[in-house]
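Structure file input_16.pdb (PDB, N, CA and C atoms) follows.
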```pdb
MODEL        1
ATOM      1  N   MET A   1     -19.384  28.045 -13.645  1.00  0.00           N
ATOM      2  CA  MET A   1     -20.073  28.896 -14.594  1.00  0.00           C
ATOM      3  C   MET A   1     -20.417  30.223 -13.910  1.00  0.00           C
ATOM      4  N   GLU A   2     -19.890  31.284 -14.398  1.00  0.00           N
ATOM      5  CA  GLU A   2     -20.135  32.612 -13.847  1.00  0.00           C
ATOM      6  C   GLU A   2     -21.422  33.174 -14.431  1.00  0.00           C
ATOM      7  N   VAL A   3     -22.293  33.651 -13.568  1.00  0.00           N
ATOM      8  CA  VAL A   3     -23.570  34.225 -13.983  1.00  0.00           C
ATOM      9  C   VAL A   3     -23.454  35.733 -13.923  1.00  0.00           C
ATOM     10  N   SER A   4     -24.019  36.401 -14.908  1.00  0.00           N
ATOM     11  CA  SER A   4     -24.004  37.861 -14.883  1.00  0.00           C
ATOM     12  C   SER A   4     -25.435  38.391 -14.821  1.00  0.00           C
ATOM     13  N   CYS A   5     -25.565  39.622 -14.381  1.00  0.00           N
ATOM     14  CA  CYS A   5     -26.852  40.279 -14.215  1.00  0.00           C
ATOM     15  C   CYS A   5     -27.511  40.523 -15.580  1.00  0.00           C
ATOM     16  N   ALA A   6     -28.790  40.228 -15.675  1.00  0.00           N
ATOM     17  CA  ALA A   6     -29.544  40.439 -16.913  1.00  0.00           C
ATOM     18  C   ALA A   6     -29.754  41.918 -17.203  1.00  0.00           C
ATOM     19  N   GLU A   7     -29.608  42.783 -16.212  1.00  0.00           N
ATOM     20  CA  GLU A   7     -29.825  44.215 -16.391  1.00  0.00           C
ATOM     21  C   GLU A   7     -28.539  44.992 -16.659  1.00  0.00           C
ATOM     22  N   CYS A   8     -27.486  44.730 -15.861  1.00  0.00           N
ATOM     23  CA  CYS A   8     -26.280  45.558 -15.970  1.00  0.00           C
ATOM     24  C   CYS A   8     -25.021  44.764 -16.327  1.00  0.00           C
ATOM     25  N   ASN A   9     -25.156  43.448 -16.475  1.00  0.00           N
ATOM     26  CA  ASN A   9     -24.050  42.547 -16.825  1.00  0.00           C
ATOM     27  C   ASN A   9     -22.984  42.398 -15.748  1.00  0.00           C
ATOM     28  N   SER A  10     -23.242  42.879 -14.551  1.00  0.00           N
ATOM     29  CA  SER A  10     -22.301  42.712 -13.449  1.00  0.00           C
ATOM     30  C   SER A  10     -22.198  41.237 -13.091  1.00  0.00           C
ATOM     31  N   GLU A  11     -21.040  40.842 -12.594  1.00  0.00           N
ATOM     32  CA  GLU A  11     -20.853  39.474 -12.123  1.00  0.00           C
ATOM     33  C   GLU A  11     -20.933  39.393 -10.593  1.00  0.00           C
ATOM     34  N   LYS A  12     -21.354  40.485  -9.941  1.00  0.00           N
ATOM     35  CA  LYS A  12     -21.543  40.504  -8.486  1.00  0.00           C
ATOM     36  C   LYS A  12     -22.928  39.937  -8.189  1.00  0.00           C
ATOM     37  N   ILE A  13     -23.042  38.624  -8.175  1.00  0.00           N
ATOM     38  CA  ILE A  13     -24.335  37.956  -8.038  1.00  0.00           C
ATOM     39  C   ILE A  13     -24.401  37.156  -6.743  1.00  0.00           C
ATOM     40  N   VAL A  14     -25.475  37.354  -6.002  1.00  0.00           N
ATOM     41  CA  VAL A  14     -25.821  36.481  -4.879  1.00  0.00           C
ATOM     42  C   VAL A  14     -26.724  35.421  -5.496  1.00  0.00           C
ATOM     43  N   PRO A  15     -26.277  34.162  -5.605  1.00  0.00           N
ATOM     44  CA  PRO A  15     -26.992  33.177  -6.416  1.00  0.00           C
ATOM     45  C   PRO A  15     -28.261  32.578  -5.818  1.00  0.00           C
ATOM     46  N   ALA A  16     -28.376  32.481  -4.506  1.00  0.00           N
ATOM     47  CA  ALA A  16     -29.535  31.781  -3.945  1.00  0.00           C
ATOM     48  C   ALA A  16     -29.912  32.341  -2.579  1.00  0.00           C
ATOM     49  N   ALA A  17     -30.432  33.554  -2.564  1.00  0.00           N
ATOM     50  CA  ALA A  17     -30.865  34.166  -1.305  1.00  0.00           C
ATOM     51  C   ALA A  17     -32.232  33.624  -0.921  1.00  0.00           C
ATOM     52  N   LYS A  18     -32.437  33.400   0.367  1.00  0.00           N
ATOM     53  CA  LYS A  18     -33.743  32.970   0.866  1.00  0.00           C
ATOM     54  C   LYS A  18     -34.725  34.129   0.747  1.00  0.00           C
ATOM     55  N   VAL A  19     -35.962  33.824   0.390  1.00  0.00           N
ATOM     56  CA  VAL A  19     -37.019  34.823   0.322  1.00  0.00           C
ATOM     57  C   VAL A  19     -37.948  34.551   1.501  1.00  0.00           C
ATOM     58  N   ILE A  20     -38.004  35.488   2.431  1.00  0.00           N
ATOM     59  CA  ILE A  20     -38.718  35.295   3.681  1.00  0.00           C
ATOM     60  C   ILE A  20     -40.090  35.970   3.622  1.00  0.00           C
ATOM     61  N   ASP A  21     -41.077  35.272   4.155  1.00  0.00           N
ATOM     62  CA  ASP A  21     -42.434  35.798   4.265  1.00  0.00           C
ATOM     63  C   ASP A  21     -42.722  36.002   5.741  1.00  0.00           C
ATOM     64  N   ARG A  22     -43.290  37.134   6.084  1.00  0.00           N
ATOM     65  CA  ARG A  22     -43.653  37.392   7.482  1.00  0.00           C
ATOM     66  C   ARG A  22     -45.127  37.101   7.682  1.00  0.00           C
ATOM     67  N   ALA A  23     -45.401  36.321   8.663  1.00  0.00           N
ATOM     68  CA  ALA A  23     -46.783  35.999   9.020  1.00  0.00           C
ATOM     69  C   ALA A  23     -47.189  36.863  10.215  1.00  0.00           C
ATOM     70  N   GLU A  24     -48.350  36.595  10.729  1.00  0.00           N
ATOM     71  CA  GLU A  24     -48.799  37.333  11.908  1.00  0.00           C
ATOM     72  C   GLU A  24     -47.853  37.118  13.079  1.00  0.00           C
ATOM     73  N   TYR A  25     -47.804  38.088  13.942  1.00  0.00           N
ATOM     74  CA  TYR A  25     -47.027  38.026  15.175  1.00  0.00           C
ATOM     75  C   TYR A  25     -45.528  37.885  14.933  1.00  0.00           C
ATOM     76  N   GLY A  26     -45.055  38.304  13.765  1.00  0.00           N
ATOM     77  CA  GLY A  26     -43.624  38.306  13.492  1.00  0.00           C
ATOM     78  C   GLY A  26     -43.031  36.975  13.093  1.00  0.00           C
ATOM     79  N   ALA A  27     -43.850  35.946  12.953  1.00  0.00           N
ATOM     80  CA  ALA A  27     -43.324  34.645  12.527  1.00  0.00           C
ATOM     81  C   ALA A  27     -42.810  34.753  11.102  1.00  0.00           C
ATOM     82  N   GLU A  28     -41.777  34.017  10.800  1.00  0.00           N
ATOM     83  CA  GLU A  28     -41.199  34.027   9.465  1.00  0.00           C
ATOM     84  C   GLU A  28     -41.222  32.633   8.869  1.00  0.00           C
ATOM     85  N   GLY A  29     -41.306  32.586   7.560  1.00  0.00           N
ATOM     86  CA  GLY A  29     -41.247  31.325   6.843  1.00  0.00           C
ATOM     87  C   GLY A  29     -40.739  31.589   5.432  1.00  0.00           C
ATOM     88  N   ASP A  30     -40.361  30.556   4.748  1.00  0.00           N
ATOM     89  CA  ASP A  30     -39.883  30.712   3.377  1.00  0.00           C
ATOM     90  C   ASP A  30     -41.062  30.994   2.455  1.00  0.00           C
ATOM     91  N   LEU A  31     -40.895  31.962   1.578  1.00  0.00           N
ATOM     92  CA  LEU A  31     -41.916  32.260   0.584  1.00  0.00           C
ATOM     93  C   LEU A  31     -41.952  31.118  -0.421  1.00  0.00           C
ATOM     94  N   ALA A  32     -43.135  30.764  -0.865  1.00  0.00           N
ATOM     95  CA  ALA A  32     -43.279  29.636  -1.778  1.00  0.00           C
ATOM     96  C   ALA A  32     -44.336  29.940  -2.828  1.00  0.00           C
ATOM     97  N   VAL A  33     -44.299  29.187  -3.908  1.00  0.00           N
ATOM     98  CA  VAL A  33     -45.360  29.200  -4.905  1.00  0.00           C
ATOM     99  C   VAL A  33     -46.139  27.904  -4.743  1.00  0.00           C
ATOM    100  N   ALA A  34     -47.403  27.929  -5.175  1.00  0.00           N
ATOM    101  CA  ALA A  34     -48.233  26.730  -5.051  1.00  0.00           C
ATOM    102  C   ALA A  34     -49.180  26.641  -6.239  1.00  0.00           C
ATOM    103  N   ILE A  35     -49.535  25.432  -6.591  1.00  0.00           N
ATOM    104  CA  ILE A  35     -50.530  25.189  -7.615  1.00  0.00           C
ATOM    105  C   ILE A  35     -51.383  24.019  -7.154  1.00  0.00           C
ATOM    106  N   ASP A  36     -52.681  24.147  -7.369  1.00  0.00           N
ATOM    107  CA  ASP A  36     -53.609  23.077  -7.006  1.00  0.00           C
ATOM    108  C   ASP A  36     -53.844  22.199  -8.223  1.00  0.00           C
ATOM    109  N   GLU A  37     -53.555  20.910  -8.076  1.00  0.00           N
ATOM    110  CA  GLU A  37     -53.796  19.989  -9.186  1.00  0.00           C
ATOM    111  C   GLU A  37     -55.280  19.851  -9.479  1.00  0.00           C
ATOM    112  N   ASN A  38     -56.104  19.995  -8.436  1.00  0.00           N
ATOM    113  CA  ASN A  38     -57.544  19.845  -8.596  1.00  0.00           C
ATOM    114  C   ASN A  38     -58.249  21.036  -7.922  1.00  0.00           C
ATOM    115  N   PRO A  39     -58.175  22.244  -8.534  1.00  0.00           N
ATOM    116  CA  PRO A  39     -58.685  23.447  -7.881  1.00  0.00           C
ATOM    117  C   PRO A  39     -60.195  23.461  -7.664  1.00  0.00           C
ATOM    118  N   GLU A  40     -60.934  22.677  -8.404  1.00  0.00           N
ATOM    119  CA  GLU A  40     -62.390  22.650  -8.275  1.00  0.00           C
ATOM    120  C   GLU A  40     -62.857  21.766  -7.118  1.00  0.00           C
ATOM    121  N   ALA A  41     -61.972  20.975  -6.556  1.00  0.00           N
ATOM    122  CA  ALA A  41     -62.344  20.077  -5.458  1.00  0.00           C
ATOM    123  C   ALA A  41     -62.716  20.877  -4.219  1.00  0.00           C
ATOM    124  N   PHE A  42     -63.653  20.372  -3.466  1.00  0.00           N
ATOM    125  CA  PHE A  42     -64.092  21.049  -2.251  1.00  0.00           C
ATOM    126  C   PHE A  42     -63.044  20.950  -1.143  1.00  0.00           C
ATOM    127  N   ILE A  43     -62.470  19.756  -0.975  1.00  0.00           N
ATOM    128  CA  ILE A  43     -61.503  19.545   0.110  1.00  0.00           C
ATOM    129  C   ILE A  43     -60.121  19.180  -0.410  1.00  0.00           C
ATOM    130  N   PHE A  44     -60.011  18.134  -1.186  1.00  0.00           N
ATOM    131  CA  PHE A  44     -58.707  17.604  -1.587  1.00  0.00           C
ATOM    132  C   PHE A  44     -58.241  18.234  -2.893  1.00  0.00           C
ATOM    133  N   LYS A  45     -57.683  19.438  -2.785  1.00  0.00           N
ATOM    134  CA  LYS A  45     -57.234  20.186  -3.964  1.00  0.00           C
ATOM    135  C   LYS A  45     -55.876  19.716  -4.477  1.00  0.00           C
ATOM    136  N   GLU A  46     -55.183  18.911  -3.667  1.00  0.00           N
ATOM    137  CA  GLU A  46     -53.860  18.389  -4.021  1.00  0.00           C
ATOM    138  C   GLU A  46     -52.885  19.527  -4.328  1.00  0.00           C
ATOM    139  N   ARG A  47     -52.688  20.385  -3.337  1.00  0.00           N
ATOM    140  CA  ARG A  47     -51.806  21.540  -3.482  1.00  0.00           C
ATOM    141  C   ARG A  47     -50.345  21.104  -3.485  1.00  0.00           C
ATOM    142  N   ILE A  48     -49.617  21.555  -4.483  1.00  0.00           N
ATOM    143  CA  ILE A  48     -48.185  21.293  -4.610  1.00  0.00           C
ATOM    144  C   ILE A  48     -47.460  22.621  -4.389  1.00  0.00           C
ATOM    145  N   ARG A  49     -46.467  22.610  -3.501  1.00  0.00           N
ATOM    146  CA  ARG A  49     -45.723  23.831  -3.157  1.00  0.00           C
ATOM    147  C   ARG A  49     -44.242  23.666  -3.479  1.00  0.00           C
ATOM    148  N   SER A  50     -43.632  24.803  -3.715  1.00  0.00           N
ATOM    149  CA  SER A  50     -42.189  24.817  -3.928  1.00  0.00           C
ATOM    150  C   SER A  50     -41.627  26.120  -3.374  1.00  0.00           C
ATOM    151  N   PRO A  51     -40.576  26.044  -2.565  1.00  0.00           N
ATOM    152  CA  PRO A  51     -39.958  27.264  -2.036  1.00  0.00           C
ATOM    153  C   PRO A  51     -39.358  28.111  -3.158  1.00  0.00           C
ATOM    154  N   LEU A  52     -39.296  29.410  -2.900  1.00  0.00           N
ATOM    155  CA  LEU A  52     -38.649  30.335  -3.826  1.00  0.00           C
ATOM    156  C   LEU A  52     -37.281  30.728  -3.293  1.00  0.00           C
ATOM    157  N   SER A  53     -36.364  30.983  -4.214  1.00  0.00           N
ATOM    158  CA  SER A  53     -35.087  31.602  -3.857  1.00  0.00           C
ATOM    159  C   SER A  53     -34.911  32.779  -4.809  1.00  0.00           C
ATOM    160  N   ALA A  54     -33.982  33.650  -4.487  1.00  0.00           N
ATOM    161  CA  ALA A  54     -33.766  34.841  -5.307  1.00  0.00           C
ATOM    162  C   ALA A  54     -32.313  34.937  -5.734  1.00  0.00           C
ATOM    163  N   ARG A  55     -32.115  35.388  -6.941  1.00  0.00           N
ATOM    164  CA  ARG A  55     -30.783  35.725  -7.441  1.00  0.00           C
ATOM    165  C   ARG A  55     -30.730  37.254  -7.476  1.00  0.00           C
ATOM    166  N   ILE A  56     -29.747  37.825  -6.779  1.00  0.00           N
ATOM    167  CA  ILE A  56     -29.686  39.274  -6.605  1.00  0.00           C
ATOM    168  C   ILE A  56     -28.376  39.830  -7.145  1.00  0.00           C
ATOM    169  N   CYS A  57     -28.479  40.906  -7.912  1.00  0.00           N
ATOM    170  CA  CYS A  57     -27.282  41.589  -8.402  1.00  0.00           C
ATOM    171  C   CYS A  57     -26.765  42.507  -7.311  1.00  0.00           C
ATOM    172  N   GLY A  58     -25.491  42.353  -6.963  1.00  0.00           N
ATOM    173  CA  GLY A  58     -24.869  43.180  -5.934  1.00  0.00           C
ATOM    174  C   GLY A  58     -24.501  44.564  -6.430  1.00  0.00           C
ATOM    175  N   SER A  59     -24.664  44.833  -7.726  1.00  0.00           N
ATOM    176  CA  SER A  59     -24.354  46.161  -8.266  1.00  0.00           C
ATOM    177  C   SER A  59     -25.601  47.022  -8.424  1.00  0.00           C
ATOM    178  N   CYS A  60     -26.615  46.506  -9.138  1.00  0.00           N
ATOM    179  CA  CYS A  60     -27.792  47.331  -9.421  1.00  0.00           C
ATOM    180  C   CYS A  60     -29.027  46.921  -8.629  1.00  0.00           C
ATOM    181  N   GLY A  61     -28.986  45.754  -7.982  1.00  0.00           N
ATOM    182  CA  GLY A  61     -30.111  45.312  -7.174  1.00  0.00           C
ATOM    183  C   GLY A  61     -31.170  44.515  -7.919  1.00  0.00           C
ATOM    184  N   PHE A  62     -30.975  44.300  -9.210  1.00  0.00           N
ATOM    185  CA  PHE A  62     -31.943  43.508  -9.972  1.00  0.00           C
ATOM    186  C   PHE A  62     -32.098  42.150  -9.310  1.00  0.00           C
ATOM    187  N   THR A  63     -33.351  41.722  -9.130  1.00  0.00           N
ATOM    188  CA  THR A  63     -33.644  40.475  -8.416  1.00  0.00           C
ATOM    189  C   THR A  63     -34.559  39.593  -9.247  1.00  0.00           C
ATOM    190  N   GLU A  64     -34.201  38.306  -9.328  1.00  0.00           N
ATOM    191  CA  GLU A  64     -35.019  37.319 -10.026  1.00  0.00           C
ATOM    192  C   GLU A  64     -35.402  36.234  -9.029  1.00  0.00           C
ATOM    193  N   PHE A  65     -36.653  35.771  -9.116  1.00  0.00           N
ATOM    194  CA  PHE A  65     -37.108  34.657  -8.286  1.00  0.00           C
ATOM    195  C   PHE A  65     -37.011  33.357  -9.068  1.00  0.00           C
ATOM    196  N   TYR A  66     -36.660  32.293  -8.349  1.00  0.00           N
ATOM    197  CA  TYR A  66     -36.590  30.955  -8.941  1.00  0.00           C
ATOM    198  C   TYR A  66     -37.272  29.977  -8.007  1.00  0.00           C
ATOM    199  N   THR A  67     -38.059  29.076  -8.576  1.00  0.00           N
ATOM    200  CA  THR A  67     -38.661  28.031  -7.776  1.00  0.00           C
ATOM    201  C   THR A  67     -37.657  26.887  -7.657  1.00  0.00           C
ATOM    202  N   GLU A  68     -37.604  26.275  -6.489  1.00  0.00           N
ATOM    203  CA  GLU A  68     -36.622  25.229  -6.249  1.00  0.00           C
ATOM    204  C   GLU A  68     -36.996  23.890  -6.872  1.00  0.00           C
ATOM    205  N   ASN A  69     -38.278  23.685  -7.171  1.00  0.00           N
ATOM    206  CA  ASN A  69     -38.744  22.422  -7.758  1.00  0.00           C
ATOM    207  C   ASN A  69     -39.597  22.676  -8.998  1.00  0.00           C
ATOM    208  N   PRO A  70     -39.020  23.209 -10.059  1.00  0.00           N
ATOM    209  CA  PRO A  70     -39.829  23.575 -11.225  1.00  0.00           C
ATOM    210  C   PRO A  70     -40.519  22.390 -11.895  1.00  0.00           C
ATOM    211  N   GLU A  71     -39.884  21.228 -11.910  1.00  0.00           N
ATOM    212  CA  GLU A  71     -40.500  20.061 -12.557  1.00  0.00           C
ATOM    213  C   GLU A  71     -41.779  19.648 -11.832  1.00  0.00           C
ATOM    214  N   THR A  72     -41.758  19.705 -10.507  1.00  0.00           N
ATOM    215  CA  THR A  72     -42.919  19.341  -9.706  1.00  0.00           C
ATOM    216  C   THR A  72     -44.072  20.320  -9.938  1.00  0.00           C
ATOM    217  N   ILE A  73     -43.760  21.601  -9.986  1.00  0.00           N
ATOM    218  CA  ILE A  73     -44.785  22.623 -10.230  1.00  0.00           C
ATOM    219  C   ILE A  73     -45.372  22.460 -11.630  1.00  0.00           C
ATOM    220  N   TYR A  74     -44.530  22.223 -12.610  1.00  0.00           N
ATOM    221  CA  TYR A  74     -45.022  22.065 -13.981  1.00  0.00           C
ATOM    222  C   TYR A  74     -45.884  20.811 -14.114  1.00  0.00           C
ATOM    223  N   SER A  75     -45.486  19.737 -13.478  1.00  0.00           N
ATOM    224  CA  SER A  75     -46.276  18.504 -13.497  1.00  0.00           C
ATOM    225  C   SER A  75     -47.651  18.735 -12.872  1.00  0.00           C
ATOM    226  N   ALA A  76     -47.703  19.483 -11.771  1.00  0.00           N
ATOM    227  CA  ALA A  76     -48.980  19.797 -11.128  1.00  0.00           C
ATOM    228  C   ALA A  76     -49.838  20.662 -12.043  1.00  0.00           C
ATOM    229  N   TYR A  77     -49.220  21.572 -12.754  1.00  0.00           N
ATOM    230  CA  TYR A  77     -49.935  22.416 -13.711  1.00  0.00           C
ATOM    231  C   TYR A  77     -50.559  21.563 -14.814  1.00  0.00           C
ATOM    232  N   LEU A  78     -49.811  20.600 -15.332  1.00  0.00           N
ATOM    233  CA  LEU A  78     -50.353  19.715 -16.362  1.00  0.00           C
ATOM    234  C   LEU A  78     -51.520  18.893 -15.822  1.00  0.00           C
ATOM    235  N   SER A  79     -51.412  18.433 -14.575  1.00  0.00           N
ATOM    236  CA  SER A  79     -52.518  17.703 -13.947  1.00  0.00           C
ATOM    237  C   SER A  79     -53.734  18.605 -13.797  1.00  0.00           C
ATOM    238  N   GLN A  80     -53.498  19.855 -13.426  1.00  0.00           N
ATOM    239  CA  GLN A  80     -54.592  20.809 -13.282  1.00  0.00           C
ATOM    240  C   GLN A  80     -55.323  20.994 -14.602  1.00  0.00           C
ATOM    241  N   LYS A  81     -54.575  21.161 -15.687  1.00  0.00           N
ATOM    242  CA  LYS A  81     -55.185  21.322 -17.015  1.00  0.00           C
ATOM    243  C   LYS A  81     -55.997  20.090 -17.393  1.00  0.00           C
ATOM    244  N   ALA A  82     -55.459  18.920 -17.122  1.00  0.00           N
ATOM    245  CA  ALA A  82     -56.151  17.670 -17.447  1.00  0.00           C
ATOM    246  C   ALA A  82     -57.445  17.552 -16.625  1.00  0.00           C
ATOM    247  N   ASN A  83     -57.405  17.949 -15.354  1.00  0.00           N
ATOM    248  CA  ASN A  83     -58.584  17.883 -14.489  1.00  0.00           C
ATOM    249  C   ASN A  83     -59.660  18.874 -14.940  1.00  0.00           C
ATOM    250  N   GLN A  84     -59.262  20.011 -15.494  1.00  0.00           N
ATOM    251  CA  GLN A  84     -60.220  21.000 -15.951  1.00  0.00           C
ATOM    252  C   GLN A  84     -60.969  20.544 -17.210  1.00  0.00           C
ATOM    253  N   LYS A  85     -60.364  19.677 -17.999  1.00  0.00           N
ATOM    254  CA  LYS A  85     -60.988  19.182 -19.229  1.00  0.00           C
ATOM    255  C   LYS A  85     -62.072  18.151 -18.953  1.00  0.00           C
ATOM    256  N   LYS A  86     -62.068  17.584 -17.749  1.00  0.00           N
ATOM    257  CA  LYS A  86     -63.023  16.518 -17.403  1.00  0.00           C
ATOM    258  C   LYS A  86     -64.413  17.071 -17.218  1.00  0.00           C
TER     259      LYS A  86
ENDMDL
END
```
File written out as structure tokens:
Amino acid sequence: MEVSCAECNSEKIVPAAKVIDRAEYGAEGDLAVAIDENPEAFIFKERIRSPLSARICGSCGFTEFYTENPETIYSAYLSQKANQKK
């Protein structure tokens, strides 16, 4: 399945580029998204993380981020909503 750019319709797509985060002292790590299932908790917030990847257009540079584990993040979000109702 050929993917095209949402901005310019080019088919020059880099499908899964790593998104790097720089920490102190030049350390690098993968950029990630996170959601706390229980954000009101003092200690055990039950943080769920998922790495990000990027889809990049080689023609215009348009870039989209994608989470690698969307089902896990969405499930944690639903748990968070349920915990807030309590």
| Evaluate the PyMOL selection byres (((chain A and resi 13 and name CA) around 8) and name CA) and report residues as a list in words | Val3, Ser4, Cys5, Ser10, Glu11, Lys12, Val14, Pro15, Arg55, Ile56, Cys57 and Gly58 of chain A
| task | Quick one: everything within 6.5 Å of Val19 (chain A), counting all atoms listed in the file, minus sequence neighbours fewer than 6 positions away in the same chain. Send it as a PyMOL selection string. | result | chain A and resi 29-31+52-54
Taking N, CA and C atoms for each residue, export the selection above as a PDB file, in the frame of the given file.
```pdb
ATOM      1  N   GLY A  29     -41.306  32.586   7.560  1.00  0.00           N
ATOM      2  CA  GLY A  29     -41.247  31.325   6.843  1.00  0.00           C
ATOM      3  C   GLY A  29     -40.739  31.589   5.432  1.00  0.00           C
ATOM      4  N   ASP A  30     -40.361  30.556   4.748  1.00  0.00           N
ATOM      5  CA  ASP A  30     -39.883  30.712   3.377  1.00  0.00           C
ATOM      6  C   ASP A  30     -41.062  30.994   2.455  1.00  0.00           C
ATOM      7  N   LEU A  31     -40.895  31.962   1.578  1.00  0.00           N
ATOM      8  CA  LEU A  31     -41.916  32.260   0.584  1.00  0.00           C
ATOM      9  C   LEU A  31     -41.952  31.118  -0.421  1.00  0.00           C
ATOM     10  N   LEU A  52     -39.296  29.410  -2.900  1.00  0.00           N
ATOM     11  CA  LEU A  52     -38.649  30.335  -3.826  1.00  0.00           C
ATOM     12  C   LEU A  52     -37.281  30.728  -3.293  1.00  0.00           C
ATOM     13  N   SER A  53     -36.364  30.983  -4.214  1.00  0.00           N
ATOM     14  CA  SER A  53     -35.087  31.602  -3.857  1.00  0.00           C
ATOM     15  C   SER A  53     -34.911  32.779  -4.809  1.00  0.00           C
ATOM     16  N   ALA A  54     -33.982  33.650  -4.487  1.00  0.00           N
ATOM     17  CA  ALA A  54     -33.766  34.841  -5.307  1.00  0.00           C
ATOM     18  C   ALA A  54     -32.313  34.937  -5.734  1.00  0.00           C
TER      19      ALA A  54
END
```
| query | Near Arg47 (chain A), counting only C-alpha atoms, which residues have an atom at most 8 Å away, once you skip same-chain residues fewer than 5 positions from it, shown as a ChimeraX atom specification? | reply | /A:34-38
Generate the output file for the selected residues, N, CA and C atoms, as an mmCIF file, in the coordinates of the input.
```cif
data_model
loop_
_atom_site.group_PDB
_atom_site.id
_atom_site.type_symbol
_atom_site.label_atom_id
_atom_site.label_comp_id
_atom_site.auth_asym_id
_atom_site.auth_seq_id
_atom_site.Cartn_x
_atom_site.Cartn_y
_atom_site.Cartn_z
ATOM 1 N N ALA A 34 -47.403 27.929 -5.175
ATOM 2 C CA ALA A 34 -48.233 26.730 -5.051
ATOM 3 C C ALA A 34 -49.180 26.641 -6.239
ATOM 4 N N ILE A 35 -49.535 25.432 -6.591
ATOM 5 C CA ILE A 35 -50.530 25.189 -7.615
ATOM 6 C C ILE A 35 -51.383 24.019 -7.154
ATOM 7 N N ASP A 36 -52.681 24.147 -7.369
ATOM 8 C CA ASP A 36 -53.609 23.077 -7.006
ATOM 9 C C ASP A 36 -53.844 22.199 -8.223
ATOM 10 N N GLU A 37 -53.555 20.910 -8.076
ATOM 11 C CA GLU A 37 -53.796 19.989 -9.186
ATOM 12 C C GLU A 37 -55.280 19.851 -9.479
ATOM 13 N N ASN A 38 -56.104 19.995 -8.436
ATOM 14 C CA ASN A 38 -57.544 19.845 -8.596
ATOM 15 C C ASN A 38 -58.249 21.036 -7.922
#
```
| said: When you look at Ser79 (chain A) with a cut-off of 12 Å (counting only C-alpha atoms), what residues show up, excluding the ones that are within fewer than 3 positions of it in the same chain? I need them as an NGL selection string. | reply: :A and (35-39 or 45-48 or 72-76 or 82-86)
| query | Which one of A:Ile43, A:Arg22, A:Ala16, A:Asn9 sits closest to Glu68 (chain A) if you count only C-alpha atoms? | reply | A:Ala16
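The interatomic distance for the pair CA of Asn69 (chain A) and atom N of Pro51 (chain A) works out to 6.6 Å.
Residue nearest Glu7 (chain A), chosen from A:Phe42, A:Tyr77, A:Tyr25, A:Phe62 and counting all atoms listed in the file: A:Phe62.
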| request: Run DSSP on the backbone of this structure and report the residues of chain A it assigns to strand (DSSP E), as a PyMOL selection string. | output: chain A and resi 13-18+20-22+28-30+32-36+47-57+63-67
| Computed interatomic separation between atom C of Thr67 (chain A) and atom N of Ser50 (chain A) (Å) | 7.5 Å
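Backbone DSSP over chain A yields helix (DSSP H, G or I) at Glu24, Tyr25, Gly26, Pro70, Glu71, Thr72, Ile73, Tyr74, Ser75, Ala76, Tyr77, Leu78, Ser79, Gln80, Lys81, Ala82, Asn83, Gln84 and Lys85 of chain A.
Between atom N of Cys8 (chain A) and atom N of Ser59 (chain A) lies a distance of 8.6 Å.
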